[in-house]
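*Asks:* Mind looking over this structure? Questions follow.
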Amino acid sequence: MLNAVGLLIIVVCVFGSFIMSGGKMGIILEALPHELMAIAGAAIGAFIVSNSLPTVKLAGKGLLRAFKGGKWKHADYLDLLTLLFQLLNTFRKGGATAIEPHLDAPEGSAIFSQYPRILRDHHLVAFICD
């Protein structure tokens, strides 16, 4: 979403300033396909020539990921906050001995098992348990 907003700001500012300075939009629209092909083709070609194949592949994957959106959704953040609340509430009521079994073996924990999406992310689970 942020990428789309950024692109919209770029387009509005570039073409808005052109129109405000007295430029005719018809000329731009007529030349746009040819100019975009020349500029984008030169940029992509220069990028491919100046980088190795693994770098080009990683850049393509990164570009797709940037427009695809985040890995975590709103519901996942709510689940994470609820999980942390349950863990801290368990600690508050029972102390360190009550929470330790959940942190030592999160795969078998009754609290962690309520949130399978969080449990699948081993980096996040390791961060919470450490």
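Within each chain, counting starts at residue 1; across the structure tokens, chains are named A, B, ... in the order shown, with ligands numbered 1 upward in that order.
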Need to verify the contact set: Val56 of chain A, 12 Å, only C-alpha atoms, exclusion of same-chain residues closer than 6 positions in sequence. Can you return it as a PDB file with N, CA, C and O atoms, in the first residue's frame?

*Replies:*
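New file selection_27.pdb:
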```pdb
ATOM      1  N   ILE A  44      16.547  -1.173 -16.966  1.00  0.00           N
ATOM      2  CA  ILE A  44      16.580  -2.624 -16.704  1.00  0.00           C
ATOM      3  C   ILE A  44      17.825  -3.244 -17.330  1.00  0.00           C
ATOM      4  O   ILE A  44      18.507  -4.071 -16.704  1.00  0.00           O
ATOM      5  N   GLY A  45      18.136  -2.860 -18.554  1.00  0.00           N
ATOM      6  CA  GLY A  45      19.333  -3.386 -19.215  1.00  0.00           C
ATOM      7  C   GLY A  45      20.602  -3.037 -18.461  1.00  0.00           C
ATOM      8  O   GLY A  45      21.483  -3.884 -18.281  1.00  0.00           O
ATOM      9  N   ALA A  46      20.718  -1.787 -18.009  1.00  0.00           N
ATOM     10  CA  ALA A  46      21.903  -1.373 -17.248  1.00  0.00           C
ATOM     11  C   ALA A  46      22.000  -2.137 -15.929  1.00  0.00           C
ATOM     12  O   ALA A  46      23.093  -2.513 -15.493  1.00  0.00           O
ATOM     13  N   PHE A  47      20.860  -2.375 -15.305  1.00  0.00           N
ATOM     14  CA  PHE A  47      20.859  -3.134 -14.046  1.00  0.00           C
ATOM     15  C   PHE A  47      21.330  -4.566 -14.276  1.00  0.00           C
ATOM     16  O   PHE A  47      22.140  -5.091 -13.509  1.00  0.00           O
ATOM     17  N   ILE A  48      20.838  -5.195 -15.340  1.00  0.00           N
ATOM     18  CA  ILE A  48      21.232  -6.581 -15.630  1.00  0.00           C
ATOM     19  C   ILE A  48      22.707  -6.670 -15.986  1.00  0.00           C
ATOM     20  O   ILE A  48      23.418  -7.575 -15.539  1.00  0.00           O
ATOM     21  N   VAL A  49      23.193  -5.723 -16.783  1.00  0.00           N
ATOM     22  CA  VAL A  49      24.599  -5.738 -17.185  1.00  0.00           C
ATOM     23  C   VAL A  49      25.520  -5.520 -15.985  1.00  0.00           C
ATOM     24  O   VAL A  49      26.589  -6.131 -15.891  1.00  0.00           O
ATOM     25  N   SER A  50      25.112  -4.692 -15.051  1.00  0.00           N
ATOM     26  CA  SER A  50      26.006  -4.325 -13.956  1.00  0.00           C
ATOM     27  C   SER A  50      25.936  -5.251 -12.744  1.00  0.00           C
ATOM     28  O   SER A  50      26.669  -5.045 -11.783  1.00  0.00           O
ATOM     29  N   GLY A  62      12.603  -9.395  -4.502  1.00  0.00           N
ATOM     30  CA  GLY A  62      12.377  -8.296  -3.566  1.00  0.00           C
ATOM     31  C   GLY A  62      11.352  -7.307  -4.088  1.00  0.00           C
ATOM     32  O   GLY A  62      10.520  -6.799  -3.334  1.00  0.00           O
ATOM     33  N   LEU A  63      11.383  -7.051  -5.375  1.00  0.00           N
ATOM     34  CA  LEU A  63      10.405  -6.146  -5.980  1.00  0.00           C
ATOM     35  C   LEU A  63       9.002  -6.724  -5.888  1.00  0.00           C
ATOM     36  O   LEU A  63       8.048  -6.027  -5.547  1.00  0.00           O
TER      37      LEU A  63
END
```

*Asks:* How far is it from atom CA of Gly60 of chain A to atom CA of Ala42 of chain A, in Å with one decimal?

*Replies:*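 Going from atom CA of Gly60 of chain A over to atom CA of Ala42 of chain A covers 16.5 Å.
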
*Asks:* Find the distance between atom CA of Lys57 of chain A and atom CA of Ile9 of chain A and write it in Å to one decimal.

*Replies:* 28.0 Å

*Asks:* Smallest atom-to-atom distance to Lys71 of chain A: which of A:Ile111, A:Ala4, A:Ile10, A:Ile118, using only C-alpha atoms?

*Replies:*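 That would be A:Ile118, the residue with the smallest distance to Lys71 of chain A.
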
*Asks:* Could you tell me how far atom CA of Thr97 of chain A lies from atom CA of Leu80 of chain A, in Å and to one decimal?

*Replies:* 22.1 Å
